[in-house]
Amino acid sequence: MTESIPHAVSDDAAASTAPVADGSTGSTGRSGMSRRGLLGWAGAGAAAMGVAGFAGGRASAQEPPPPPPAAPDAYPFHGERQAGIVTPAQDRLHFASFDLTTTSREDVVALLTAWTAAAAELTAGRPVGGDPASYDAPPNDTGEASGLAASRLTLTFGFGPTLFRDAAGKDRFGLAARQPAALRRLPHFPADNLDPRRSDGDLCVQACADDPQVAVHAIRNLSRIAFGTAALRWSQLGFGRTSSTSTSQATPRNLFGFKDGTANLKAEDPDAVSRHVWVGAGDDPRAGWLAGGSYLVARRINMTIETWDRTSLSEQESLVGRDRKEGAPLSGGTEFTEPDFALTGRGGAPLVAMNSHVRLAHPSQNGGVQMLRRGYNFTDGNDELGRLDAGLFFIAYVRDPRTQYVPMQTRMSRQDGLMEYLQHRGSALFAVPPGARPGEHIGRALFA
Amino acid sequence: MTSPTRGLALTAAGTAALIALAGCTDNPPSSSSGGGASSGAAGPMTVTSTDAECTVSTNTAGSGNLVFDVTNGGSKVTEFYLLAQDGLRIVGEVENIGPGLSRELVVRAVPGTYYTACKPGMVGSGIRHPFTVTDSGADLAATGADAELVKQANAQYASYVKDQTEQLKAETARFVALYKAGQDDRARALYAPARVHWERIEPVAESFGDLDPRMDLREADLEPGQKWTGWHAIEKDLWPPKTGYTAFTPAQRAAMADQLTKDTDELYRRTRSMTFTVDQIGNGAKGLLDEVAKGKVTGEEEIWSHTDLYDFQANVDGARVAWEGLRPILSKRDAALDAQLQLRFSALQKLLDTHKEGKDGFVGYTELSKAEVKALSDAVNALSEPLSKLTAAVV
């Protein structure tokens, strides 16, 4: 079955460490083109040839030297942790969930190997699989990202509960004993209206980039590589980030018109990130492979835009708990002032209402737990009644969904005043393994 | 019901009543025009309220809509008032401004002398300064009789709610008796006509957070472990799905029926002495159309009986009654909005009438074509948009 997967790991190892090494000898299929591509880049680039070096080389070859950048143009794919989590949230998203169509464990490993190789190329802004071998063959790379920058693309991979056991509880790939205890289908929350065609999946890929075409290009090419082993189950485009994961970023607005993610976990607070995002070494003895990884909660949350837009500003602000203009809590201050939940106004009523989103989502109301949110606005056209099919594609990274997301969402579904204008239509939970080191495929420890 | 948190904000009554006695707080830029009052001041005036001072950028403005941009520069929660010459009557106010926050007060003022007042800490008589409104020539409809009109509107709406809950109680009793007796055909025939009285005052009924989930919860909104009772549980039992459903036993039927009776009686009891304010009535009208847009026009409310158009009509009835009660005020404040609402209400009603069946009945939702549903939805949107401006125009 491995012949259906065009890239072997040696390409990637070569690409990320030593491009002068002959990566073609040990690889199959199209590796020859890969090498040519690599050498081409090596020629254009500078001497330092890590993945980041590639990106730097590319930028200098194509553009005048940029002013000192706030963020690099490309993030390396390899590393201790996967990129795309604490990475400053990019502007665009293409998220994809896959079902495995194979029954062979080797196929799964081969797919992850090929995906890893492709991911290293994609995140560096290089075409997948190099140049075409033959005029009579379809090109390896689909081509639409040619001439575009790496655009800070990150590709983050995750494993769903159904990778381990099917609906009947059957061990699909000999991995059941390693299924993390927290990796179970999320429970049904009050008012959930889930569409199975927008929920769950065996594998996921989160592609984030500053250019939508770059993100879509990545998912398209990864889907292509997967044919025969895995098939796209659902995917979601996000056109605008709704949270900041770094203090260097301004807080964006969601489609309700309010700043979202003000109180998010930020990369600059590594202690909090360690406590709330990364799975610890001793967290789950059965799933030691997940240490250094995280859990990804995905929820497609539709907003009833038209009804919201007819709501008075006072009600909007009261439901959110912040003012619309600045994003300051209604208890006063500026955007980053901590809300004062005890402060009362006329009639002794709290200024930040009891059913306000900010109150219910705040760590102080949730036993101190926090999440790293990384959601995106989406609009997928409109429904039959001419209403925008729009909302928030919520993504959160947590150390343990059972103590972080689940209790909080249970309360929010029940009490959050905003629920009047929200409907959860899609849901998925994935375990996100730690990063791959050069020469390794993603999730290697799970399959070891 | 569509969400456990929905409801008419009945607790805000105290202060809303005060605002209701005052002038128009329509937002000038989004005003639906024709209110007759142009902005009296050139651009917004600024007010800075600190713990010790109340600084207003000017002490005079032309008559019409005045816009005060109030910033709390102090450390305490503050309020800002425009008071009449007697220093007692509140012409307009904004409250609950947290430290550092800003809020706008839009108020309609006729020529005369007033006081501006900041009230840091919300105590005392406030830090006051005289304020003069000169005659700008803006045509301000007489406001003298507003207080009386407001009183009438509120009383009228309270009577309507009382009347509907009385009918609901009576019809529910009949329905429940038939259901308990196993007379399913007759119970099915009475299901929608009885519910109409609930749907007409839905925002009021939903304001009781304990009763609403027990009486009107849809299966889709059930929480794990939550007991399903009320209208829709009985609906499913009367129009059961072909497979995968176990009919209630007579004992279960009786329990469901008795619970609904008990809750309906409780709703009746609580609505005997209820009072309303114009903002609640206006927001209630808007809320009813929201209900139509979200649950009825989509056929999600009555997924077993498909009697959604009965609910649709009842929601529209309730909204129309609310608007009609406010018309004496609205026609003075914003005649253009009033005229627009009249047109849109009648257009929607015309469309609904094409789906009538029998004397007061409607065809099942599933008999509507996609194009017909879309046309209804468009008409609901056309009405909802101006209706969302009703409250601001009458408070």
# chains A, B, ... in the order shown; residues from 1 in each chain; ligands from 1

$ select_by_dssp --residues "range 64-264 of chain B" --states "helix (DSSP H, G or I)" --output "number ranges by chain"
B: 120-122, 146-180, 184-200, 202-206, 211-216, 219-221, 231-238, 250-264

$ interface_residues --of "chain A" --to "chain B" --cutoff "8 Å" --atoms "only C-alpha atoms" --output "list in words"
His188, Phe189, Pro190, Ala191, Asp192, Asn193, Thr307, Arg310, Thr311, Ser312, Asp323, Ala328, Leu330, Ser331, Gly332, Gly333, Thr334, Gly345, Arg346, Leu351, Glu384, Leu385, Gly386, Arg414, Gln415, Asp416, Gly417, Met419 and Glu420 of chain A

$ write_last_selection --atoms "N, CA, C and O atoms" --output "JSON list (two decimals), in the first residue's frame"
[["chain", "number", "residue", "atom", "x", "y", "z"],
["A", 188, "HIS", "N", -22.68, 15.45, 24.66],
["A", 188, "HIS", "CA", -23.72, 16.32, 24.10],
["A", 188, "HIS", "C", -23.97, 17.45, 25.10],
["A", 188, "HIS", "O", -24.36, 17.20, 26.23],
["A", 189, "PHE", "N", -23.75, 18.67, 24.66],
["A", 189, "PHE", "CA", -24.02, 19.81, 25.53],
["A", 189, "PHE", "C", -25.44, 20.31, 25.28],
["A", 189, "PHE", "O", -25.96, 20.15, 24.17],
["A", 190, "PRO", "N", -26.05, 20.93, 26.30],
["A", 190, "PRO", "CA", -27.39, 21.47, 26.09],
["A", 190, "PRO", "C", -27.40, 22.37, 24.85],
["A", 190, "PRO", "O", -26.47, 23.12, 24.63],
["A", 191, "ALA", "N", -28.45, 22.23, 24.06],
["A", 191, "ALA", "CA", -28.66, 23.06, 22.88],
["A", 191, "ALA", "C", -27.73, 22.74, 21.72],
["A", 191, "ALA", "O", -27.75, 23.40, 20.69],
["A", 192, "ASP", "N", -26.92, 21.71, 21.85],
["A", 192, "ASP", "CA", -26.12, 21.26, 20.70],
["A", 192, "ASP", "C", -27.05, 20.84, 19.56],
["A", 192, "ASP", "O", -28.08, 20.23, 19.80],
["A", 193, "ASN", "N", -26.67, 21.20, 18.37],
["A", 193, "ASN", "CA", -27.43, 20.74, 17.19],
["A", 193, "ASN", "C", -26.40, 20.29, 16.16],
["A", 193, "ASN", "O", -26.18, 20.93, 15.15],
["A", 307, "THR", "N", -30.50, 38.25, 13.69],
["A", 307, "THR", "CA", -31.19, 38.57, 14.93],
["A", 307, "THR", "C", -30.30, 39.40, 15.84],
["A", 307, "THR", "O", -30.75, 40.34, 16.49],
["A", 310, "ARG", "N", -30.23, 43.06, 15.24],
["A", 310, "ARG", "CA", -31.43, 43.83, 15.62],
["A", 310, "ARG", "C", -31.50, 44.01, 17.13],
["A", 310, "ARG", "O", -32.52, 44.45, 17.67],
["A", 311, "THR", "N", -30.44, 43.64, 17.81],
["A", 311, "THR", "CA", -30.43, 43.73, 19.26],
["A", 311, "THR", "C", -29.81, 45.06, 19.68],
["A", 311, "THR", "O", -28.82, 45.50, 19.09],
["A", 312, "SER", "N", -30.37, 45.67, 20.69],
["A", 312, "SER", "CA", -29.87, 46.97, 21.11],
["A", 312, "SER", "C", -28.43, 46.85, 21.61],
["A", 312, "SER", "O", -28.03, 45.80, 22.11],
["A", 323, "ASP", "N", -17.67, 46.38, 26.73],
["A", 323, "ASP", "CA", -18.20, 47.39, 25.83],
["A", 323, "ASP", "C", -17.69, 47.10, 24.42],
["A", 323, "ASP", "O", -16.66, 46.45, 24.24],
["A", 328, "ALA", "N", -13.50, 46.83, 26.84],
["A", 328, "ALA", "CA", -13.26, 46.88, 28.29],
["A", 328, "ALA", "C", -14.41, 46.19, 29.01],
["A", 328, "ALA", "O", -15.55, 46.25, 28.58],
["A", 330, "LEU", "N", -17.41, 45.68, 31.52],
["A", 330, "LEU", "CA", -18.38, 46.70, 31.91],
["A", 330, "LEU", "C", -18.16, 47.20, 33.33],
["A", 330, "LEU", "O", -18.74, 48.20, 33.74],
["A", 331, "SER", "N", -17.32, 46.51, 34.07],
["A", 331, "SER", "CA", -16.97, 47.01, 35.40],
["A", 331, "SER", "C", -15.95, 48.14, 35.31],
["A", 331, "SER", "O", -15.58, 48.72, 36.32],
["A", 332, "GLY", "N", -15.47, 48.43, 34.10],
["A", 332, "GLY", "CA", -14.61, 49.59, 33.92],
["A", 332, "GLY", "C", -13.18, 49.25, 33.55],
["A", 332, "GLY", "O", -12.77, 48.09, 33.53],
["A", 333, "GLY", "N", -12.45, 50.30, 33.22],
["A", 333, "GLY", "CA", -11.05, 50.14, 32.84],
["A", 333, "GLY", "C", -10.89, 50.10, 31.34],
["A", 333, "GLY", "O", -11.69, 50.67, 30.59],
["A", 334, "THR", "N", -9.84, 49.43, 30.90],
["A", 334, "THR", "CA", -9.57, 49.30, 29.48],
["A", 334, "THR", "C", -9.61, 47.82, 29.12],
["A", 334, "THR", "O", -9.95, 46.99, 29.97],
["A", 345, "GLY", "N", -23.99, 48.10, 40.13],
["A", 345, "GLY", "CA", -24.50, 49.40, 39.71],
["A", 345, "GLY", "C", -25.86, 49.64, 40.33],
["A", 345, "GLY", "O", -26.15, 49.16, 41.43],
["A", 346, "ARG", "N", -26.68, 50.34, 39.61],
["A", 346, "ARG", "CA", -28.02, 50.67, 40.08],
["A", 346, "ARG", "C", -28.78, 49.42, 40.50],
["A", 346, "ARG", "O", -28.77, 48.41, 39.81],
["A", 351, "LEU", "N", -22.37, 44.93, 37.42],
["A", 351, "LEU", "CA", -22.17, 45.59, 36.13],
["A", 351, "LEU", "C", -21.84, 44.57, 35.04],
["A", 351, "LEU", "O", -22.22, 44.73, 33.90],
["A", 384, "GLU", "N", -30.90, 28.59, 2.78],
["A", 384, "GLU", "CA", -32.01, 28.73, 1.82],
["A", 384, "GLU", "C", -32.87, 29.95, 2.10],
["A", 384, "GLU", "O", -33.58, 30.43, 1.23],
["A", 385, "LEU", "N", -32.84, 30.42, 3.35],
["A", 385, "LEU", "CA", -33.67, 31.56, 3.70],
["A", 385, "LEU", "C", -32.92, 32.88, 3.56],
["A", 385, "LEU", "O", -33.39, 33.91, 4.01],
["A", 386, "GLY", "N", -31.75, 32.82, 2.96],
["A", 386, "GLY", "CA", -31.00, 34.05, 2.74],
["A", 386, "GLY", "C", -30.30, 34.54, 3.99],
["A", 386, "GLY", "O", -29.94, 35.71, 4.08],
["A", 414, "ARG", "N", -25.73, 26.27, 29.21],
["A", 414, "ARG", "CA", -26.91, 26.39, 30.05],
["A", 414, "ARG", "C", -27.19, 27.85, 30.41],
["A", 414, "ARG", "O", -28.33, 28.28, 30.47],
["A", 415, "GLN", "N", -26.13, 28.62, 30.67],
["A", 415, "GLN", "CA", -26.33, 29.93, 31.29],
["A", 415, "GLN", "C", -25.94, 31.13, 30.43],
["A", 415, "GLN", "O", -26.38, 32.24, 30.69],
["A", 416, "ASP", "N", -25.07, 30.91, 29.48],
["A", 416, "ASP", "CA", -24.56, 32.05, 28.71],
["A", 416, "ASP", "C", -25.68, 32.72, 27.92],
["A", 416, "ASP", "O", -26.33, 32.08, 27.09],
["A", 417, "GLY", "N", -25.90, 34.00, 28.17],
["A", 417, "GLY", "CA", -26.94, 34.74, 27.47],
["A", 417, "GLY", "C", -26.72, 34.76, 25.97],
["A", 417, "GLY", "O", -27.66, 34.87, 25.19],
["A", 419, "MET", "N", -25.98, 32.37, 24.15],
["A", 419, "MET", "CA", -26.46, 31.14, 23.51],
["A", 419, "MET", "C", -27.73, 31.38, 22.71],
["A", 419, "MET", "O", -28.04, 30.65, 21.78],
["A", 420, "GLU", "N", -28.44, 32.41, 23.09],
["A", 420, "GLU", "CA", -29.63, 32.81, 22.34],
["A", 420, "GLU", "C", -29.30, 33.04, 20.86],
["A", 420, "GLU", "O", -30.13, 32.87, 19.98]]

$ select_by_dssp --residues "range 52-225 of chain A" --states "strand (DSSP E)" --output "PyMOL selection string"
chain A and resi 92-100+154-159+203-209

$ residues_around --residues "Gly261 in chain A" --least-positions-apart "3" --cutoff "9 Å" --atoms "only C-alpha atoms" --output "VMD selection string"
chain A and resid 242 to 245 251 to 253 264 to 265 373 to 375

$ residues_around --residues "Ser273 in chain B" --least-positions-apart "6" --cutoff "10 Å" --atoms "only C-alpha atoms" --output "MDAnalysis selection string"
chainID B and resid 158:159 162

$ residues_around --residues "Phe336 in chain A" --least-positions-apart "6" --cutoff "10 Å" --atoms "only C-alpha atoms" --output "CSV table (one decimal) with N, CA, C and O atoms, in the first residue's frame"
chain,number,residue,atom,x,y,z
A,262,THR,N,-9.6,38.4,24.4
A,262,THR,CA,-8.8,39.3,25.2
A,262,THR,C,-8.1,38.6,26.3
A,262,THR,O,-6.9,38.8,26.6
A,263,ALA,N,-8.8,37.7,27.0
A,263,ALA,CA,-8.2,37.1,28.2
A,263,ALA,C,-7.6,35.7,27.8
A,263,ALA,O,-7.5,34.8,28.6
A,326,GLU,N,-14.2,49.5,23.0
A,326,GLU,CA,-12.9,49.2,23.4
A,326,GLU,C,-12.6,47.8,23.8
A,326,GLU,O,-11.5,47.3,23.9
A,327,GLY,N,-13.7,47.1,24.2
A,327,GLY,CA,-13.5,45.7,24.7
A,327,GLY,C,-13.3,45.7,26.2
A,327,GLY,O,-12.8,44.7,26.7
A,328,ALA,N,-13.5,46.8,26.8
A,328,ALA,CA,-13.3,46.9,28.3
A,328,ALA,C,-14.4,46.2,29.0
A,328,ALA,O,-15.6,46.2,28.6
A,329,PRO,N,-14.1,45.5,30.1
A,329,PRO,CA,-15.2,44.9,30.9
A,329,PRO,C,-16.1,46.0,31.4
A,329,PRO,O,-15.7,47.1,31.6

$ atom_distance --atom1 "CA of Ile219 in chain A" --atom2 "CA of Val205 in chain A"
7.6 Å

$ atom_distance --atom1 "CA of Thr156 in chain A" --atom2 "CA of Ala361 in chain A"
25.6 Å

$ closest_residue --among "A:Gly240, A:Pro212, A:Pro127, A:Gly280" --to "Pro139 in chain A" --atoms "only C-alpha atoms"
A:Pro127

$ residues_around --residues "range 152-155 of chain A" --least-positions-apart "5" --cutoff "7 Å" --atoms "only C-alpha atoms" --output "PyMOL selection string"
chain A and resi 73-75+83-84+119+123+205-210+215

$ write_last_selection --atoms "N, CA and C atoms" --output "short mmCIF file (atom, residue, chain, number, x, y, z; two decimals), in the first residue's frame"
data_model
loop_
_atom_site.label_atom_id
_atom_site.label_comp_id
_atom_site.auth_asym_id
_atom_site.auth_seq_id
_atom_site.Cartn_x
_atom_site.Cartn_y
_atom_site.Cartn_z
N ASP A 73 8.72 35.05 8.40
CA ASP A 73 7.83 34.74 7.29
C ASP A 73 7.44 33.26 7.31
N ALA A 74 8.27 32.44 7.91
CA ALA A 74 7.99 31.01 7.94
C ALA A 74 8.34 30.44 9.30
N TYR A 75 7.57 29.46 9.72
CA TYR A 75 7.87 28.75 10.96
C TYR A 75 8.35 27.35 10.61
N ALA A 83 4.00 23.37 15.76
CA ALA A 83 3.68 24.78 15.55
C ALA A 83 2.18 24.92 15.33
N GLY A 84 1.72 26.14 15.43
CA GLY A 84 0.29 26.38 15.20
C GLY A 84 -0.53 26.34 16.47
N ALA A 119 4.65 18.45 4.87
CA ALA A 119 4.43 19.59 5.76
C ALA A 119 5.70 20.43 5.88
N THR A 123 5.43 24.28 4.77
CA THR A 123 5.62 25.37 5.73
C THR A 123 6.83 26.22 5.38
N VAL A 205 -6.00 18.09 10.45
CA VAL A 205 -4.91 19.00 10.11
C VAL A 205 -5.43 20.43 10.22
N GLN A 206 -4.77 21.19 11.04
CA GLN A 206 -5.08 22.60 11.13
C GLN A 206 -4.03 23.35 10.32
N ALA A 207 -4.48 24.00 9.25
CA ALA A 207 -3.56 24.80 8.44
C ALA A 207 -3.86 26.27 8.69
N CYS A 208 -2.89 27.00 9.22
CA CYS A 208 -3.06 28.43 9.45
C CYS A 208 -2.00 29.17 8.67
N ALA A 209 -2.40 30.27 8.06
CA ALA A 209 -1.46 31.06 7.28
C ALA A 209 -1.99 32.47 7.17
N ASP A 210 -1.15 33.36 6.75
CA ASP A 210 -1.63 34.73 6.54
C ASP A 210 -2.26 34.92 5.17
N ALA A 215 -3.03 28.41 2.83
CA ALA A 215 -3.64 27.43 3.74
C ALA A 215 -4.44 26.39 2.95
#

$ closest_atom_pairs --of "range 417-438 of chain A" --to "range 292-303 of chain A" --cutoff "8 Å" --atoms "only C-alpha atoms" --output "JSON lines"
{"residue": "A:Tyr421", "atom": "CA", "partner": "A:Met303", "partner_atom": "CA", "distance": 5.7}
{"residue": "A:Leu422", "atom": "CA", "partner": "A:Met303", "partner_atom": "CA", "distance": 4.7}
{"residue": "A:Gln423", "atom": "CA", "partner": "A:Asn302", "partner_atom": "CA", "distance": 5.0}
{"residue": "A:His424", "atom": "CA", "partner": "A:Ile301", "partner_atom": "CA", "distance": 4.4}
{"residue": "A:Arg425", "atom": "CA", "partner": "A:Arg300", "partner_atom": "CA", "distance": 5.4}
{"residue": "A:Gly426", "atom": "CA", "partner": "A:Arg300", "partner_atom": "CA", "distance": 4.5}
{"residue": "A:Ser427", "atom": "CA", "partner": "A:Arg299", "partner_atom": "CA", "distance": 4.5}
{"residue": "A:Ala428", "atom": "CA", "partner": "A:Ala298", "partner_atom": "CA", "distance": 5.1}
{"residue": "A:Leu429", "atom": "CA", "partner": "A:Val297", "partner_atom": "CA", "distance": 4.8}
{"residue": "A:Phe430", "atom": "CA", "partner": "A:Leu296", "partner_atom": "CA", "distance": 5.1}
{"residue": "A:Ala431", "atom": "CA", "partner": "A:Tyr295", "partner_atom": "CA", "distance": 4.6}
{"residue": "A:Val432", "atom": "CA", "partner": "A:Ser294", "partner_atom": "CA", "distance": 5.0}
{"residue": "A:Pro433", "atom": "CA", "partner": "A:Gly293", "partner_atom": "CA", "distance": 4.4}
{"residue": "A:Pro434", "atom": "CA", "partner": "A:Gly293", "partner_atom": "CA", "distance": 4.1}
{"residue": "A:Gly435", "atom": "CA", "partner": "A:Gly293", "partner_atom": "CA", "distance": 7.6}

$ residues_around --residues "Ala314 in chain B" --least-positions-apart "4" --cutoff "8 Å" --atoms "only C-alpha atoms" --output "PyMOL selection string"
chain B and resi 196-197+199-200+310+318

$ atom_distance --atom1 "CA of Phe208 in chain B" --atom2 "CA of Thr264 in chain B"
11.6 Å
